[in-house]
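Q: Have a peek at upload_14.pdb (PDB, C-alpha atoms, pLDDT in the B column).
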ATOM      1  CA  MET A   1      14.696  23.435 -33.425  1.00 36.00           C
ATOM      2  CA  THR A   2      11.583  23.025 -31.282  1.00 43.00           C
ATOM      3  CA  THR A   3      12.307  22.995 -27.570  1.00 45.00           C
ATOM      4  CA  ASN A   4      10.456  20.943 -24.983  1.00 65.00           C
ATOM      5  CA  THR A   5       8.587  24.026 -23.789  1.00 72.00           C
ATOM      6  CA  LEU A   6       7.058  24.284 -27.249  1.00 90.00           C
ATOM      7  CA  LYS A   7       6.049  20.633 -27.459  1.00 97.00           C
ATOM      8  CA  LEU A   8       2.689  19.162 -26.607  1.00 98.00           C
ATOM      9  CA  LYS A   9       2.692  16.845 -23.612  1.00 97.00           C
ATOM     10  CA  ARG A  10       1.237  13.367 -23.714  1.00 98.00           C
ATOM     11  CA  SER A  11      -0.282  11.715 -20.660  1.00 96.00           C
ATOM     12  CA  LYS A  12      -0.222   8.274 -19.080  1.00 96.00           C
ATOM     13  CA  ASP A  13      -3.679   6.917 -18.309  1.00 95.00           C
ATOM     14  CA  ARG A  14      -4.012   3.493 -16.715  1.00 96.00           C
ATOM     15  CA  LYS A  15      -7.389   2.775 -18.318  1.00 96.00           C
ATOM     16  CA  VAL A  16      -6.174   3.225 -21.910  1.00 98.00           C
ATOM     17  CA  ALA A  17      -2.508   2.160 -21.641  1.00 98.00           C
ATOM     18  CA  ASN A  18      -1.058   0.290 -24.604  1.00 98.00           C
ATOM     19  CA  ALA A  19       1.762  -1.056 -22.411  1.00 97.00           C
ATOM     20  CA  VAL A  20       1.893  -1.582 -18.645  1.00 97.00           C
ATOM     21  CA  THR A  21       4.662  -1.787 -16.067  1.00 97.00           C
ATOM     22  CA  PRO A  22       5.848  -5.267 -14.961  1.00 95.00           C
ATOM     23  CA  ASN A  23       3.725  -5.112 -11.807  1.00 96.00           C
ATOM     24  CA  GLY A  24       0.630  -4.357 -13.882  1.00 96.00           C
ATOM     25  CA  LYS A  25      -0.205  -1.204 -11.949  1.00 96.00           C
ATOM     26  CA  GLN A  26       0.814   1.699 -14.183  1.00 97.00           C
ATOM     27  CA  ALA A  27       1.030   2.705 -17.822  1.00 98.00           C
ATOM     28  CA  SER A  28       4.557   2.498 -19.181  1.00 98.00           C
ATOM     29  CA  ILE A  29       3.977   4.636 -22.277  1.00 98.00           C
ATOM     30  CA  ALA A  30       2.165   7.958 -22.530  1.00 98.00           C
ATOM     31  CA  ASN A  31      -0.380   7.022 -25.199  1.00 98.00           C
ATOM     32  CA  THR A  32      -3.014   9.683 -24.735  1.00 97.00           C
ATOM     33  CA  PHE A  33      -3.395  13.430 -24.984  1.00 98.00           C
ATOM     34  CA  GLY A  34      -5.530  15.896 -23.109  1.00 96.00           C
ATOM     35  CA  LEU A  35      -6.778  19.463 -22.973  1.00 97.00           C
ATOM     36  CA  PRO A  36      -8.540  21.197 -20.074  1.00 95.00           C
ATOM     37  CA  ALA A  37     -12.221  20.324 -19.886  1.00 91.00           C
ATOM     38  CA  GLY A  38     -15.277  22.552 -19.809  1.00 91.00           C
ATOM     39  CA  LYS A  39     -16.900  25.144 -22.024  1.00 92.00           C
ATOM     40  CA  ALA A  40     -14.408  27.767 -20.836  1.00 92.00           C
ATOM     41  CA  TYR A  41     -11.660  25.673 -22.445  1.00 94.00           C
ATOM     42  CA  SER A  42     -11.884  22.892 -25.017  1.00 96.00           C
ATOM     43  CA  CYS A  43     -15.410  21.467 -24.673  1.00 95.00           C
ATOM     44  CA  PRO A  44     -17.921  23.520 -26.698  1.00 95.00           C
ATOM     45  CA  GLY A  45     -20.288  20.541 -26.785  1.00 94.00           C
ATOM     46  CA  ALA A  46     -20.364  19.958 -23.032  1.00 93.00           C
ATOM     47  CA  THR A  47     -23.776  19.268 -21.511  1.00 93.00           C
ATOM     48  CA  THR A  48     -24.824  19.776 -17.910  1.00 90.00           C
ATOM     49  CA  VAL A  49     -24.965  15.975 -17.606  1.00 90.00           C
ATOM     50  CA  CYS A  50     -21.380  15.405 -18.685  1.00 88.00           C
ATOM     51  CA  GLU A  51     -20.116  18.337 -16.647  1.00 83.00           C
ATOM     52  CA  SER A  52     -21.728  16.868 -13.532  1.00 81.00           C
ATOM     53  CA  VAL A  53     -19.924  13.523 -13.868  1.00 82.00           C
ATOM     54  CA  CYS A  54     -16.711  14.475 -15.723  1.00 77.00           C
ATOM     55  CA  TYR A  55     -14.023  12.259 -14.201  1.00 66.00           C
ATOM     56  CA  ALA A  56     -11.293  14.020 -16.150  1.00 65.00           C
ATOM     57  CA  GLY A  57     -12.344  17.407 -14.829  1.00 67.00           C
ATOM     58  CA  LYS A  58     -12.257  15.996 -11.310  1.00 69.00           C
ATOM     59  CA  LEU A  59      -8.710  14.760 -11.837  1.00 67.00           C
ATOM     60  CA  GLU A  60      -7.697  18.268 -12.873  1.00 69.00           C
ATOM     61  CA  LYS A  61      -8.769  19.497  -9.430  1.00 68.00           C
ATOM     62  CA  VAL A  62      -7.214  16.632  -7.460  1.00 68.00           C
ATOM     63  CA  PHE A  63      -3.843  16.635  -9.221  1.00 64.00           C
ATOM     64  CA  PRO A  64      -2.484  20.152  -9.857  1.00 75.00           C
ATOM     65  CA  ALA A  65       0.379  18.850 -12.011  1.00 81.00           C
ATOM     66  CA  VAL A  66      -2.160  17.308 -14.380  1.00 85.00           C
ATOM     67  CA  LYS A  67      -3.899  20.655 -14.827  1.00 91.00           C
ATOM     68  CA  VAL A  68      -0.542  22.335 -15.491  1.00 92.00           C
ATOM     69  CA  ASN A  69       0.168  19.931 -18.377  1.00 93.00           C
ATOM     70  CA  LEU A  70      -3.317  20.407 -19.817  1.00 95.00           C
ATOM     71  CA  LEU A  71      -3.030  24.190 -19.674  1.00 96.00           C
ATOM     72  CA  HIS A  72       0.375  23.929 -21.365  1.00 97.00           C
ATOM     73  CA  ASN A  73      -1.224  22.044 -24.277  1.00 98.00           C
ATOM     74  CA  TRP A  74      -4.116  24.503 -24.382  1.00 98.00           C
ATOM     75  CA  ALA A  75      -1.781  27.501 -24.528  1.00 98.00           C
ATOM     76  CA  LEU A  76       0.040  26.030 -27.532  1.00 98.00           C
ATOM     77  CA  LEU A  77      -3.086  25.111 -29.495  1.00 98.00           C
ATOM     78  CA  LYS A  78      -5.956  27.444 -28.687  1.00 97.00           C
ATOM     79  CA  ASP A  79      -4.893  30.322 -30.927  1.00 97.00           C
ATOM     80  CA  ALA A  80      -2.706  28.395 -33.364  1.00 98.00           C
ATOM     81  CA  ASP A  81      -3.346  28.249 -37.087  1.00 98.00           C
ATOM     82  CA  GLY A  82      -3.923  24.920 -38.814  1.00 98.00           C
ATOM     83  CA  GLU A  83      -0.340  24.495 -40.007  1.00 98.00           C
ATOM     84  CA  THR A  84       1.031  25.038 -36.518  1.00 98.00           C
ATOM     85  CA  MET A  85      -1.496  22.621 -35.042  1.00 98.00           C
ATOM     86  CA  VAL A  86      -0.462  19.923 -37.516  1.00 98.00           C
ATOM     87  CA  GLN A  87       3.203  20.478 -36.701  1.00 98.00           C
ATOM     88  CA  LEU A  88       2.632  20.236 -32.952  1.00 98.00           C
ATOM     89  CA  LEU A  89       0.441  17.154 -33.173  1.00 98.00           C
ATOM     90  CA  ASN A  90       2.773  15.464 -35.641  1.00 98.00           C
ATOM     91  CA  GLU A  91       5.796  15.966 -33.379  1.00 98.00           C
ATOM     92  CA  MET A  92       3.884  14.504 -30.460  1.00 98.00           C
ATOM     93  CA  ILE A  93       2.758  11.417 -32.373  1.00 98.00           C
ATOM     94  CA  ALA A  94       6.248  10.882 -33.804  1.00 98.00           C
ATOM     95  CA  ASP A  95       7.575  10.770 -30.233  1.00 98.00           C
ATOM     96  CA  PHE A  96       4.833   8.281 -29.335  1.00 98.00           C
ATOM     97  CA  VAL A  97       5.841   6.020 -32.234  1.00 98.00           C
ATOM     98  CA  ALA A  98       9.462   6.097 -31.064  1.00 98.00           C
ATOM     99  CA  ASP A  99       8.403   5.062 -27.550  1.00 98.00           C
ATOM    100  CA  CYS A 100       6.333   2.170 -28.931  1.00 98.00           C
ATOM    101  CA  LYS A 101       9.214   0.919 -31.053  1.00 98.00           C
ATOM    102  CA  LYS A 102      11.589   0.996 -28.069  1.00 98.00           C
ATOM    103  CA  LYS A 103       9.239  -1.189 -26.028  1.00 97.00           C
ATOM    104  CA  ASP A 104       7.775  -3.215 -28.885  1.00 97.00           C
ATOM    105  CA  ALA A 105       4.321  -2.019 -27.867  1.00 98.00           C
ATOM    106  CA  PRO A 106       1.173  -1.934 -30.006  1.00 98.00           C
ATOM    107  CA  MET A 107       0.578   1.493 -31.476  1.00 98.00           C
ATOM    108  CA  LEU A 108      -2.761   2.439 -29.921  1.00 98.00           C
ATOM    109  CA  PHE A 109      -3.436   6.092 -29.125  1.00 98.00           C
ATOM    110  CA  ARG A 110      -6.391   7.605 -27.288  1.00 98.00           C
ATOM    111  CA  ILE A 111      -7.133  11.173 -28.322  1.00 98.00           C
ATOM    112  CA  HIS A 112      -8.504  13.352 -25.508  1.00 97.00           C
ATOM    113  CA  TRP A 113      -8.553  11.506 -22.220  1.00 95.00           C
ATOM    114  CA  ASP A 114      -9.664  15.011 -21.210  1.00 95.00           C
ATOM    115  CA  GLY A 115     -11.057  17.792 -23.390  1.00 96.00           C
ATOM    116  CA  ASP A 116     -12.480  17.808 -26.902  1.00 97.00           C
ATOM    117  CA  PHE A 117     -12.216  19.307 -30.385  1.00 98.00           C
ATOM    118  CA  PHE A 118     -12.551  22.996 -29.601  1.00 98.00           C
ATOM    119  CA  ASN A 119     -12.860  24.144 -33.221  1.00 98.00           C
ATOM    120  CA  ASP A 120     -12.952  22.726 -36.746  1.00 98.00           C
ATOM    121  CA  THR A 121      -9.400  23.822 -37.573  1.00 98.00           C
ATOM    122  CA  TYR A 122      -8.181  21.647 -34.721  1.00 98.00           C
ATOM    123  CA  ALA A 123     -10.306  18.698 -35.863  1.00 98.00           C
ATOM    124  CA  TYR A 124      -8.918  18.989 -39.387  1.00 98.00           C
ATOM    125  CA  ALA A 125      -5.378  19.131 -37.984  1.00 98.00           C
ATOM    126  CA  TRP A 126      -5.949  15.834 -36.204  1.00 98.00           C
ATOM    127  CA  LYS A 127      -7.348  14.354 -39.431  1.00 98.00           C
ATOM    128  CA  VAL A 128      -4.148  15.260 -41.278  1.00 98.00           C
ATOM    129  CA  VAL A 129      -1.976  13.706 -38.582  1.00 98.00           C
ATOM    130  CA  ILE A 130      -4.061  10.548 -38.178  1.00 98.00           C
ATOM    131  CA  ASP A 131      -3.938   9.999 -41.945  1.00 98.00           C
ATOM    132  CA  LYS A 132      -0.150  10.335 -41.805  1.00 98.00           C
ATOM    133  CA  TYR A 133       0.157   7.425 -39.355  1.00 98.00           C
ATOM    134  CA  PRO A 134      -1.903   4.543 -40.811  1.00 98.00           C
ATOM    135  CA  ASP A 135      -0.097   2.018 -38.583  1.00 98.00           C
ATOM    136  CA  ILE A 136      -1.501   3.643 -35.437  1.00 98.00           C
ATOM    137  CA  GLN A 137      -5.009   2.822 -34.252  1.00 98.00           C
ATOM    138  CA  PHE A 138      -6.501   5.984 -32.759  1.00 98.00           C
ATOM    139  CA  TRP A 139      -9.750   6.269 -30.810  1.00 98.00           C
ATOM    140  CA  VAL A 140     -11.716   9.245 -29.543  1.00 98.00           C
ATOM    141  CA  TYR A 141     -15.037  10.323 -28.072  1.00 98.00           C
ATOM    142  CA  THR A 142     -16.455  13.737 -28.926  1.00 98.00           C
ATOM    143  CA  ARG A 143     -19.536  15.832 -28.207  1.00 97.00           C
ATOM    144  CA  VAL A 144     -18.863  18.150 -31.135  1.00 98.00           C
ATOM    145  CA  LYS A 145     -21.031  17.332 -34.167  1.00 98.00           C
ATOM    146  CA  SER A 146     -18.855  19.149 -36.698  1.00 98.00           C
ATOM    147  CA  ALA A 147     -15.763  17.277 -35.486  1.00 98.00           C
ATOM    148  CA  ALA A 148     -17.580  13.952 -35.795  1.00 98.00           C
ATOM    149  CA  LEU A 149     -18.503  14.770 -39.394  1.00 98.00           C
ATOM    150  CA  ILE A 150     -14.943  15.843 -40.213  1.00 98.00           C
ATOM    151  CA  LEU A 151     -13.417  12.654 -38.776  1.00 98.00           C
ATOM    152  CA  LYS A 152     -16.068  10.014 -39.457  1.00 97.00           C
ATOM    153  CA  ASP A 153     -14.413   8.337 -42.440  1.00 95.00           C
ATOM    154  CA  VAL A 154     -10.810   8.114 -41.238  1.00 98.00           C
ATOM    155  CA  PRO A 155      -9.931   4.375 -41.530  1.00 98.00           C
ATOM    156  CA  ASN A 156      -7.597   4.101 -38.529  1.00 98.00           C
ATOM    157  CA  LEU A 157      -9.751   6.155 -36.167  1.00 98.00           C
ATOM    158  CA  SER A 158     -12.446   4.665 -33.961  1.00 98.00           C
ATOM    159  CA  LEU A 159     -14.865   7.557 -33.471  1.00 98.00           C
ATOM    160  CA  TYR A 160     -17.689   7.828 -30.947  1.00 98.00           C
ATOM    161  CA  PHE A 161     -20.169  10.620 -30.381  1.00 98.00           C
ATOM    162  CA  SER A 162     -20.668  10.950 -26.632  1.00 97.00           C
ATOM    163  CA  ALA A 163     -24.356  11.299 -25.824  1.00 96.00           C
ATOM    164  CA  ASP A 164     -26.686  11.735 -22.897  1.00 95.00           C
ATOM    165  CA  SER A 165     -30.282  12.852 -22.473  1.00 94.00           C
ATOM    166  CA  GLU A 166     -29.429  16.425 -23.517  1.00 95.00           C
ATOM    167  CA  ASN A 167     -27.752  15.820 -26.859  1.00 96.00           C
ATOM    168  CA  VAL A 168     -29.104  12.406 -27.813  1.00 95.00           C
ATOM    169  CA  LYS A 169     -31.010  13.710 -30.877  1.00 96.00           C
ATOM    170  CA  THR A 170     -27.698  14.762 -32.396  1.00 97.00           C
ATOM    171  CA  ALA A 171     -26.210  11.356 -31.611  1.00 97.00           C
ATOM    172  CA  VAL A 172     -29.094   9.528 -33.277  1.00 96.00           C
ATOM    173  CA  ASP A 173     -28.847  11.758 -36.348  1.00 97.00           C
ATOM    174  CA  LEU A 174     -25.117  11.059 -36.631  1.00 98.00           C
ATOM    175  CA  LYS A 175     -25.695   7.341 -36.104  1.00 96.00           C
ATOM    176  CA  ILE A 176     -28.457   6.990 -38.703  1.00 95.00           C
ATOM    177  CA  ASN A 177     -27.248   9.418 -41.354  1.00 97.00           C
ATOM    178  CA  SER A 178     -23.457   9.288 -40.979  1.00 97.00           C
ATOM    179  CA  GLY A 179     -22.707   5.925 -39.368  1.00 97.00           C
ATOM    180  CA  VAL A 180     -21.022   7.419 -36.308  1.00 98.00           C
ATOM    181  CA  ARG A 181     -20.885   5.120 -33.293  1.00 97.00           C
ATOM    182  CA  MET A 182     -22.685   6.226 -30.124  1.00 97.00           C
ATOM    183  CA  ALA A 183     -21.265   6.247 -26.583  1.00 97.00           C
ATOM    184  CA  TYR A 184     -24.322   6.773 -24.406  1.00 97.00           C
ATOM    185  CA  LEU A 185     -24.201   7.864 -20.768  1.00 96.00           C
ATOM    186  CA  ALA A 186     -27.214   7.039 -18.604  1.00 95.00           C
ATOM    187  CA  LYS A 187     -27.881   6.866 -14.871  1.00 95.00           C
ATOM    188  CA  THR A 188     -27.830   3.055 -14.984  1.00 96.00           C
ATOM    189  CA  PHE A 189     -27.031   0.386 -17.558  1.00 97.00           C
ATOM    190  CA  ALA A 190     -30.651  -0.740 -17.617  1.00 96.00           C
ATOM    191  CA  ILE A 191     -31.853   2.753 -18.453  1.00 96.00           C
ATOM    192  CA  GLY A 192     -29.123   3.103 -21.057  1.00 95.00           C
ATOM    193  CA  GLN A 193     -30.000  -0.193 -22.731  1.00 94.00           C
ATOM    194  CA  ALA A 194     -33.685   0.706 -22.885  1.00 95.00           C
ATOM    195  CA  ASP A 195     -32.958   4.170 -24.268  1.00 94.00           C
ATOM    196  CA  VAL A 196     -30.539   2.961 -26.936  1.00 94.00           C
ATOM    197  CA  LYS A 197     -32.787   0.115 -28.058  1.00 93.00           C
ATOM    198  CA  GLU A 198     -35.680   2.554 -28.432  1.00 92.00           C
ATOM    199  CA  MET A 199     -33.509   5.036 -30.351  1.00 91.00           C
ATOM    200  CA  ILE A 200     -31.704   2.766 -32.797  1.00 90.00           C
ATOM    201  CA  GLY A 201     -33.625  -0.493 -32.592  1.00 91.00           C
ATOM    202  CA  ARG A 202     -30.929  -2.628 -31.022  1.00 90.00           C
ATOM    203  CA  PRO A 203     -28.946  -2.753 -27.766  1.00 89.00           C
ATOM    204  CA  ALA A 204     -25.402  -1.538 -27.239  1.00 95.00           C
ATOM    205  CA  ALA A 205     -22.533  -3.070 -25.298  1.00 97.00           C
ATOM    206  CA  LYS A 206     -21.932  -2.154 -21.675  1.00 97.00           C
ATOM    207  CA  CYS A 207     -18.453  -0.826 -20.903  1.00 97.00           C
ATOM    208  CA  PRO A 208     -17.003  -3.765 -18.922  1.00 97.00           C
ATOM    209  CA  GLU A 209     -14.702  -1.591 -16.816  1.00 96.00           C
ATOM    210  CA  ASN A 210     -17.515   0.797 -15.973  1.00 96.00           C
ATOM    211  CA  ASN A 211     -19.634  -2.284 -15.204  1.00 95.00           C
ATOM    212  CA  LYS A 212     -16.929  -3.617 -12.838  1.00 95.00           C
ATOM    213  CA  GLN A 213     -16.320  -6.721 -14.934  1.00 96.00           C
ATOM    214  CA  ILE A 214     -12.642  -6.080 -15.659  1.00 97.00           C
ATOM    215  CA  PRO A 215      -9.979  -4.132 -13.731  1.00 96.00           C
ATOM    216  CA  LEU A 216      -8.806  -0.676 -14.714  1.00 96.00           C
ATOM    217  CA  ILE A 217      -5.323  -2.104 -15.268  1.00 97.00           C
ATOM    218  CA  SER A 218      -3.575  -5.415 -14.613  1.00 96.00           C
ATOM    219  CA  ASN A 219      -0.735  -7.592 -15.875  1.00 94.00           C
ATOM    220  CA  ASN A 220      -3.016  -8.394 -18.794  1.00 92.00           C
ATOM    221  CA  GLY A 221      -3.063  -4.737 -19.830  1.00 96.00           C
ATOM    222  CA  SER A 222      -5.383  -1.791 -19.500  1.00 98.00           C
ATOM    223  CA  ALA A 223      -9.162  -2.073 -19.440  1.00 97.00           C
ATOM    224  CA  CYS A 224      -9.696  -0.394 -22.812  1.00 98.00           C
ATOM    225  CA  VAL A 225      -7.059  -2.390 -24.647  1.00 97.00           C
ATOM    226  CA  SER A 226      -8.094  -5.688 -22.999  1.00 96.00           C
ATOM    227  CA  CYS A 227     -11.724  -5.074 -23.967  1.00 97.00           C
ATOM    228  CA  SER A 228     -10.990  -3.362 -27.306  1.00 97.00           C
ATOM    229  CA  LEU A 229     -14.651  -2.665 -28.129  1.00 97.00           C
ATOM    230  CA  CYS A 230     -14.066   1.071 -28.393  1.00 98.00           C
ATOM    231  CA  VAL A 231     -10.468   0.854 -29.589  1.00 98.00           C
ATOM    232  CA  TYR A 232     -11.589  -0.887 -32.777  1.00 98.00           C
ATOM    233  CA  SER A 233     -15.146   0.499 -32.986  1.00 97.00           C
ATOM    234  CA  LYS A 234     -16.801  -2.895 -32.553  1.00 97.00           C
ATOM    235  CA  SER A 235     -20.049  -1.691 -31.025  1.00 96.00           C
ATOM    236  CA  ASP A 236     -22.034   1.224 -29.733  1.00 97.00           C
ATOM    237  CA  ILE A 237     -21.291   1.512 -26.032  1.00 97.00           C
ATOM    238  CA  ILE A 238     -23.137   2.368 -22.832  1.00 97.00           C
ATOM    239  CA  PHE A 239     -21.666   3.984 -19.723  1.00 96.00           C
ATOM    240  CA  SER A 240     -23.425   4.243 -16.371  1.00 96.00           C
ATOM    241  CA  ALA A 241     -22.995   7.316 -14.187  1.00 94.00           C
ATOM    242  CA  THR A 242     -23.648   5.154 -11.123  1.00 94.00           C
ATOM    243  CA  LYS A 243     -21.703   2.088 -12.365  1.00 93.00           C
ATOM    244  CA  LYS A 244     -24.862   0.033 -11.777  1.00 94.00           C
TER     245      LYS A 244
END
Now, as a test, write the supplied structure out as structure tokens.
A:
Amino acid sequence: MTTNTLKLKRSKDRKVANAVTPNGKQASIANTFGLPAGKAYSCPGATTVCESVCYAGKLEKVFPAVKVNLLHNWALLKDADGETMVQLLNEMIADFVADCKKKDAPMLFRIHWDGDFFNDTYAYAWKVVIDKYPDIQFWVYTRVKSAALILKDVPNLSLYFSADSENVKTAVDLKINSGVRMAYLAKTFAIGQADVKEMIGRPAAKCPENNKQIPLISNNGSACVSCSLCVYSKSDIIFSATKK
């Protein structure tokens, strides 16, 4: 029997919560999963732009307990074979489903609030698990082209390729030739809109939380679930590094 020390640990993230506490201030279900950020860990596609603004990486430094959980997940997965990865991920998602059923919460799961697909075996393992749970809506952002190609046609996964000025050619290629949504990070929304319109011929939506239009979390739910643009892959999306 698998013990807790051999189980992956989910995280609570107020921005992506599928259920909130009665006071509307915290997530009540751990509906996301993370790995340590950076090229030394799980982010082979990291750019200097994303590393300079990585909010998740900053949280690792501010909250030591968060980093401990991420390193725990990394230790279990980094050298695992595909079968072991599938087993670990499946156990984690099964626990998530049980939590949702207890609280009658919508089954929405954000993959990688921190970290990324560190190799193709890991991406394929997630594909197996996502396919096993068609009643869960998953969403993820990645900077790894091979992972995007592996996961692009999974029906219950909203997939975004995270782009900035350094890797935007890859994002445009994936958008045009493979239909992968783009999440574009620019210095400002105006710059982002101009860049995206020039690249793909039409504008993208501005993240309303990043644009200070909706709260991170409230009695109405989390920002991502309240907005739902990314959760259900409704539009390409723009983020501003300056929130302006």
Q: Anything within 12 Å of (-32.7, -2.2, -27.7): list those residues as a count of residues only, counting all atoms listed in the file and sticking to the file's coordinates.
A: 19
Q: Suppose a student applies the PyMOL selection byres ((chain A and resi 138) around 7) to this structure; what residues should they get, written as a PyMOL selection string?
A: chain A and resi 108-111+136-137+139-140+156-158
Q: Name the residues in contact with stretch 79-93 of chain A at a cut-off of 12 Å, using all atoms listed in the file, excluding same-chain residues fewer than 3 positions from it; report them as JSON, numbers by chain.
A: {"A": [1, 2, 3, 4, 5, 6, 7, 8, 9, 10, 11, 30, 31, 32, 33, 34, 41, 42, 73, 74, 75, 76, 96, 97, 98, 99, 100, 107, 108, 109, 110, 111, 118, 119, 120, 121, 122, 123, 124, 125, 126, 127, 128, 129, 130, 131, 132, 133, 134, 135, 136, 137, 138]}
Q: Using only C-alpha atoms, find the one residue out of A:Thr188, A:Ser165, A:Ser228, A:Thr170 that sits nearest to A:Val16.
A: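 Closest residue, counting only C-alpha atoms: A:Ser228.
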Q: Spell out the residues picked by the PyMOL selection byres ((chain A and resi 168) around 12) here, as a list in words.
A: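 The output of the PyMOL selection byres ((chain A and resi 168) around 12) on this file is Thr47, Val49, Arg143, Lys145, Phe161, Ser162, Ala163, Asp164, Ser165, Glu166, Asn167, Lys169, Thr170, Ala171, Val172, Asp173, Leu174, Lys175, Met182, Ala183, Tyr184, Leu185, Ala186, Gly192, Asp195, Val196, Glu198, Met199 and Ile200 of chain A.
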